[in-house]
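Only one structure is covered here, and it is reproduced in the block below.
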Amino acid sequence: MKLLVVLLISCWQLIFSLNYKINKIINKNVISMSTLEKVETVALSVTESYNQNVMNTYGRYPLTISHGKGSKLYDSEGKEYLDFCAGIATCILGHSSERLKSAVMAQLDSIHHCSNLYYIPAQAQLAAWLTKNSALDKAFFCNSGAEANEAAIKLARKYAHTKLGYEFPVIITAVNSFHGRTVTAITATGQTKYQKNFGPLTPGFEYTPFNDVEALKQLVDKIQSNSEGRSGLAAILIEPIQGEGGVLPATKEYFKAIREVCDQTGALMMVDEVQTGMGRTG
């Protein structure tokens with residue numbers, strides 16, 4: 001444990017040191033050839049450090065980001081970019097926001113993390129704000145979109161067992177959907193490229209073409225006619241806009257059909273708004 005703490009501290013010290021060096025170089029009015037060489041050396045060392053120490057689980061662009069301000073990002077050579085990615089649609093308050101920094105510092109001055117074993121005033125306040133400003137009744141706090149979808153899947157399965165009486169609940173998702181990178185979340189994801197080499201996958205999922213109302217109804221009929229009532233539809237998990245699938249909005253007719261099917265069968269309609277929720281689509 002002590003070794004892990006030392007390693008974490010050392011990593012943050014290294015990152016801070018590299019960022020400080022890069023920022024000093026970028027903020028100079030005149031950039032000499034020797035300075036550019038230093039910048040390239042820093043960027044190269046970061047790349048080499050990634051190759052040596054970070055698991056190769058993501059395809060990264062050959063770009064070393066040093067810092068950001070507002071909606072802009074800056075690389076290790078001082079080049080400016082407009083940040084349309086925003087942490088993959090999760091960090092949209094701007095980089096180096098004074099209000100955000102003040103709020104974070106105020107919380108750190110009060111308390112950092114004490115787990116969900118206790119009542120936390122700020123968590124209660126946030127939950128109250130979320131329920132007041134959305135169509136939701138309660139909030140569940142977690143660490144990632146995959147964890148949120150895992151919780152929804154667990155909820156749907158428990159509901160199917162306890163309320164619908166199904167021994168083998170089935171959840172429908174769409175072809176080309178994306179719901180996360182855990183084993184169950186990639187199973188829910190209707191793309192074989194994310195599932196390759198991770199089998200056996202979690203059972204209990206079926207897929208239907210996105211925006212195809214007739215195909216959806218046919219699949220529901222198939223599921224409901226199987227296993228003499230031991231198996232049945234627990235939920236339909238759907239994205240309002242497919243992101244990984246090509247930025248494809250669901251039609252009103254498709255959403256209406258899903259709602260009707262869920263009302264008829266008693267299944268849950270679960271909407272994956274990890275990237276699109278709380279008004280982020282405008």
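Residue names in the structure tokens use chain letters A, B, ... in the order shown, residue numbers from 1 in each chain, and ligand numbers from 1 in the order shown.
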
Worksheet entry | Secondary structure check, strand (DSSP E) residues of segment 111-212 of chain A, as a PyMOL selection string | chain A and resi 168-174+205-208

Could you take the residues named above and write them with N, CA and C atoms, as an mmCIF file, in the first residue's frame?
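Wrote it out as part.cif, contents follow:
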data_model
loop_
_atom_site.group_PDB
_atom_site.id
_atom_site.type_symbol
_atom_site.label_atom_id
_atom_site.label_comp_id
_atom_site.auth_asym_id
_atom_site.auth_seq_id
_atom_site.Cartn_x
_atom_site.Cartn_y
_atom_site.Cartn_z
ATOM 1 N N PHE A 168 -35.579 -16.212 -16.751
ATOM 2 C CA PHE A 168 -34.523 -15.833 -17.699
ATOM 3 C C PHE A 168 -34.910 -14.523 -18.402
ATOM 4 N N PRO A 169 -34.658 -13.396 -17.779
ATOM 5 C CA PRO A 169 -35.036 -12.109 -18.377
ATOM 6 C C PRO A 169 -34.168 -11.765 -19.594
ATOM 7 N N VAL A 170 -34.786 -11.080 -20.554
ATOM 8 C CA VAL A 170 -34.099 -10.675 -21.784
ATOM 9 C C VAL A 170 -34.157 -9.158 -21.925
ATOM 10 N N ILE A 171 -33.040 -8.570 -22.327
ATOM 11 C CA ILE A 171 -32.957 -7.127 -22.580
ATOM 12 C C ILE A 171 -32.645 -6.915 -24.054
ATOM 13 N N ILE A 172 -33.405 -6.053 -24.706
ATOM 14 C CA ILE A 172 -33.181 -5.722 -26.118
ATOM 15 C C ILE A 172 -32.355 -4.454 -26.221
ATOM 16 N N THR A 173 -31.340 -4.471 -27.079
ATOM 17 C CA THR A 173 -30.587 -3.265 -27.431
ATOM 18 C C THR A 173 -30.504 -3.172 -28.955
ATOM 19 N N ALA A 174 -29.982 -2.069 -29.443
ATOM 20 C CA ALA A 174 -29.951 -1.831 -30.885
ATOM 21 C C ALA A 174 -28.617 -2.230 -31.509
ATOM 22 N N PHE A 205 -29.261 -11.069 -23.817
ATOM 23 C CA PHE A 205 -29.370 -9.869 -24.649
ATOM 24 C C PHE A 205 -29.754 -10.259 -26.076
ATOM 25 N N GLU A 206 -30.613 -9.453 -26.673
ATOM 26 C CA GLU A 206 -31.002 -9.603 -28.077
ATOM 27 C C GLU A 206 -30.872 -8.243 -28.755
ATOM 28 N N TYR A 207 -30.629 -8.266 -30.074
ATOM 29 C CA TYR A 207 -30.358 -7.019 -30.808
ATOM 30 C C TYR A 207 -31.348 -6.827 -31.951
ATOM 31 N N THR A 208 -31.680 -5.582 -32.190
ATOM 32 C CA THR A 208 -32.603 -5.253 -33.279
ATOM 33 C C THR A 208 -32.076 -4.041 -34.031
#

Any idea what's packed within 12 Å of Ile92 of chain A, counting only C-alpha atoms, ignoring anything in its chain fewer than 2 positions away? Could you give it as a PDB file with C-alpha atoms, in the first residue's frame?
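Once written, selection_27.pdb looks like this:
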ATOM      1  CA  LYS A  69      -8.243  27.363 -21.370  1.00  0.00           C
ATOM      2  CA  GLY A  70     -11.974  27.690 -21.908  1.00  0.00           C
ATOM      3  CA  SER A  71     -12.902  25.819 -25.077  1.00  0.00           C
ATOM      4  CA  LYS A  72      -9.312  25.721 -26.342  1.00  0.00           C
ATOM      5  CA  ASP A  83     -11.922  21.360 -28.191  1.00  0.00           C
ATOM      6  CA  PHE A  84     -14.983  19.777 -29.787  1.00  0.00           C
ATOM      7  CA  CYS A  85     -14.397  16.486 -27.928  1.00  0.00           C
ATOM      8  CA  ALA A  86     -14.863  17.844 -24.372  1.00  0.00           C
ATOM      9  CA  GLY A  87     -13.723  14.657 -22.668  1.00  0.00           C
ATOM     10  CA  ILE A  88     -16.003  12.650 -24.987  1.00  0.00           C
ATOM     11  CA  ALA A  89     -19.021  14.799 -24.136  1.00  0.00           C
ATOM     12  CA  THR A  90     -18.455  14.738 -20.367  1.00  0.00           C
ATOM     13  CA  GLY A  94     -14.368  24.671 -20.106  1.00  0.00           C
ATOM     14  CA  HIS A  95     -10.751  24.123 -19.175  1.00  0.00           C
ATOM     15  CA  SER A  96      -9.238  25.988 -16.238  1.00  0.00           C
ATOM     16  CA  SER A  97     -12.612  27.450 -15.292  1.00  0.00           C
ATOM     17  CA  LEU A 100     -15.057  25.216 -11.296  1.00  0.00           C
ATOM     18  CA  GLN A 275     -23.482  11.394 -23.590  1.00  0.00           C
ATOM     19  CA  THR A 276     -26.739  13.165 -24.431  1.00  0.00           C
ATOM     20  CA  MET A 278     -29.238  17.030 -19.229  1.00  0.00           C
ATOM     21  CA  GLY A 279     -29.689  19.107 -22.375  1.00  0.00           C
ATOM     22  CA  ARG A 280     -26.283  18.447 -23.914  1.00  0.00           C
ATOM     23  CA  THR A 281     -27.737  18.013 -27.411  1.00  0.00           C
TER      24      THR A 281
END

Discussion item. At a cut-off of 12 Å, using only C-alpha atoms, what residues contact segment 105-120 of chain A? Leave out same-chain residues fewer than 6 positions from it and give the result as a ChimeraX atom specification.
Written reply: /A:98-99,126-127,140-142

Generate a file of the selected residues that holds C-alpha atoms, formatted as an mmCIF file, in the first residue's frame.
data_model
loop_
_atom_site.group_PDB
_atom_site.id
_atom_site.type_symbol
_atom_site.label_atom_id
_atom_site.label_comp_id
_atom_site.auth_asym_id
_atom_site.auth_seq_id
_atom_site.Cartn_x
_atom_site.Cartn_y
_atom_site.Cartn_z
ATOM 1 C CA GLU A 98 -12.279 29.808 -12.326
ATOM 2 C CA ARG A 99 -15.760 28.937 -11.033
ATOM 3 C CA LEU A 126 -26.770 17.634 -5.982
ATOM 4 C CA ALA A 127 -29.413 14.892 -6.030
ATOM 5 C CA PHE A 140 -27.831 7.112 -8.439
ATOM 6 C CA PHE A 141 -24.221 8.325 -8.321
ATOM 7 C CA CYS A 142 -21.495 6.269 -9.964
#

Discussion item. Show me, as a PyMOL selection string, the residues that have an atom within 9 Å of Cys262 of chain A when counting only C-alpha atoms, minus same-chain residues fewer than 5 positions from it.
Written reply: chain A and resi 233-236+257+267-269

Deliver the residues from the most recent selection as a file, using N, CA, C and O atoms, as a CSV table (one decimal), in the first residue's frame.
chain,number,residue,atom,x,y,z
A,233,LEU,N,-39.4,-10.5,-21.8
A,233,LEU,CA,-38.7,-9.2,-22.0
A,233,LEU,C,-38.7,-8.4,-20.7
A,233,LEU,O,-39.7,-8.1,-20.1
A,234,ALA,N,-37.5,-8.1,-20.3
A,234,ALA,CA,-37.3,-7.3,-19.0
A,234,ALA,C,-37.2,-5.8,-19.3
A,234,ALA,O,-37.7,-5.0,-18.5
A,235,ALA,N,-36.5,-5.5,-20.4
A,235,ALA,CA,-36.3,-4.1,-20.7
A,235,ALA,C,-35.8,-3.9,-22.1
A,235,ALA,O,-35.3,-4.8,-22.8
A,236,ILE,N,-35.9,-2.6,-22.6
A,236,ILE,CA,-35.3,-2.2,-23.9
A,236,ILE,C,-34.4,-1.1,-23.5
A,236,ILE,O,-34.8,-0.1,-23.0
A,257,ALA,N,-42.8,3.6,-30.4
A,257,ALA,CA,-43.0,2.2,-30.5
A,257,ALA,C,-42.4,1.4,-29.3
A,257,ALA,O,-43.0,0.5,-28.7
A,267,ALA,N,-42.4,-4.4,-19.5
A,267,ALA,CA,-40.9,-4.2,-19.5
A,267,ALA,C,-40.5,-2.8,-19.2
A,267,ALA,O,-41.4,-1.9,-19.4
A,268,LEU,N,-39.3,-2.6,-18.8
A,268,LEU,CA,-38.8,-1.2,-18.6
A,268,LEU,C,-38.2,-0.6,-19.8
A,268,LEU,O,-37.5,-1.3,-20.6
A,269,MET,N,-38.5,0.7,-20.0
A,269,MET,CA,-37.8,1.4,-21.1
A,269,MET,C,-36.6,2.2,-20.5
A,269,MET,O,-36.8,3.1,-19.6

Worksheet item: Counting only C-alpha atoms, which of A:Thr57, A:Ser66, A:Ser134, A:Ser177 gets nearest to Val247 of chain A?
Response: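 Result for the nearest residue to Val247 of chain A: A:Ser177.
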
List the neighbours of Thr182 of chain A out to 12 Å using only C-alpha atoms; skip same-chain residues closer than 6 positions along the sequence, and give me the result as a compact mmCIF listing (two decimals) with N, CA and C atoms, in the first residue's frame.
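Generated file (result_10.txt):
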# COMPACT_ATOMS: atom_id res chain seq x y z
N SER A 144 -18.88 6.01 -13.90
CA SER A 144 -18.72 5.97 -15.36
C SER A 144 -20.04 5.61 -16.01
N GLY A 145 -20.10 5.81 -17.31
CA GLY A 145 -21.28 5.42 -18.07
C GLY A 145 -21.51 3.93 -18.05
N ALA A 146 -20.43 3.15 -18.12
CA ALA A 146 -20.56 1.69 -18.06
C ALA A 146 -21.16 1.25 -16.73
N GLU A 147 -20.72 1.89 -15.64
CA GLU A 147 -21.26 1.54 -14.33
C GLU A 147 -22.74 1.93 -14.23
N ALA A 148 -23.10 3.06 -14.81
CA ALA A 148 -24.52 3.47 -14.82
C ALA A 148 -25.36 2.45 -15.57
N ASN A 149 -24.88 2.00 -16.72
CA ASN A 149 -25.64 1.01 -17.50
C ASN A 149 -25.67 -0.35 -16.82
N GLU A 150 -24.57 -0.73 -16.16
CA GLU A 150 -24.56 -1.97 -15.38
C GLU A 150 -25.64 -1.92 -14.30
N ALA A 151 -25.75 -0.77 -13.63
CA ALA A 151 -26.77 -0.61 -12.59
C ALA A 151 -28.17 -0.72 -13.17
N ALA A 188 -24.19 -5.77 -24.04
CA ALA A 188 -25.33 -4.91 -24.39
C ALA A 188 -25.04 -4.11 -25.65
N THR A 189 -23.79 -3.81 -25.89
CA THR A 189 -23.37 -3.08 -27.08
C THR A 189 -23.56 -3.94 -28.33
N TYR A 194 -16.42 -4.85 -30.51
CA TYR A 194 -16.13 -4.61 -29.10
C TYR A 194 -16.20 -5.90 -28.28
N GLN A 195 -16.84 -6.92 -28.81
CA GLN A 195 -17.04 -8.17 -28.08
C GLN A 195 -15.99 -9.23 -28.41
N PHE A 198 -13.64 -11.60 -25.96
CA PHE A 198 -14.00 -11.41 -24.56
C PHE A 198 -15.09 -12.38 -24.11
N GLY A 199 -15.33 -13.41 -24.90
CA GLY A 199 -16.36 -14.37 -24.53
C GLY A 199 -15.90 -15.31 -23.43
N LEU A 201 -19.80 -14.14 -23.35
CA LEU A 201 -20.46 -12.90 -22.98
C LEU A 201 -21.63 -13.16 -22.04
N THR A 202 -22.14 -12.10 -21.42
CA THR A 202 -23.26 -12.21 -20.50
C THR A 202 -24.52 -12.62 -21.26

Item to complete: Check the smallest atom-to-atom distance from each of A:Gly277, A:Glu260, A:Lys222, A:Thr265 to Ala135 of chain A using only C-alpha atoms, then report the winner.
Response: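 Distance minimum relative to Ala135 of chain A lands on A:Gly277.
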
Worksheet entry | d(atom CA of Gly78 of chain A, atom CA of Leu93 of chain A) in Å |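 Answer for the atom CA of Gly78 of chain A to atom CA of Leu93 of chain A separation: 22.2 Å.
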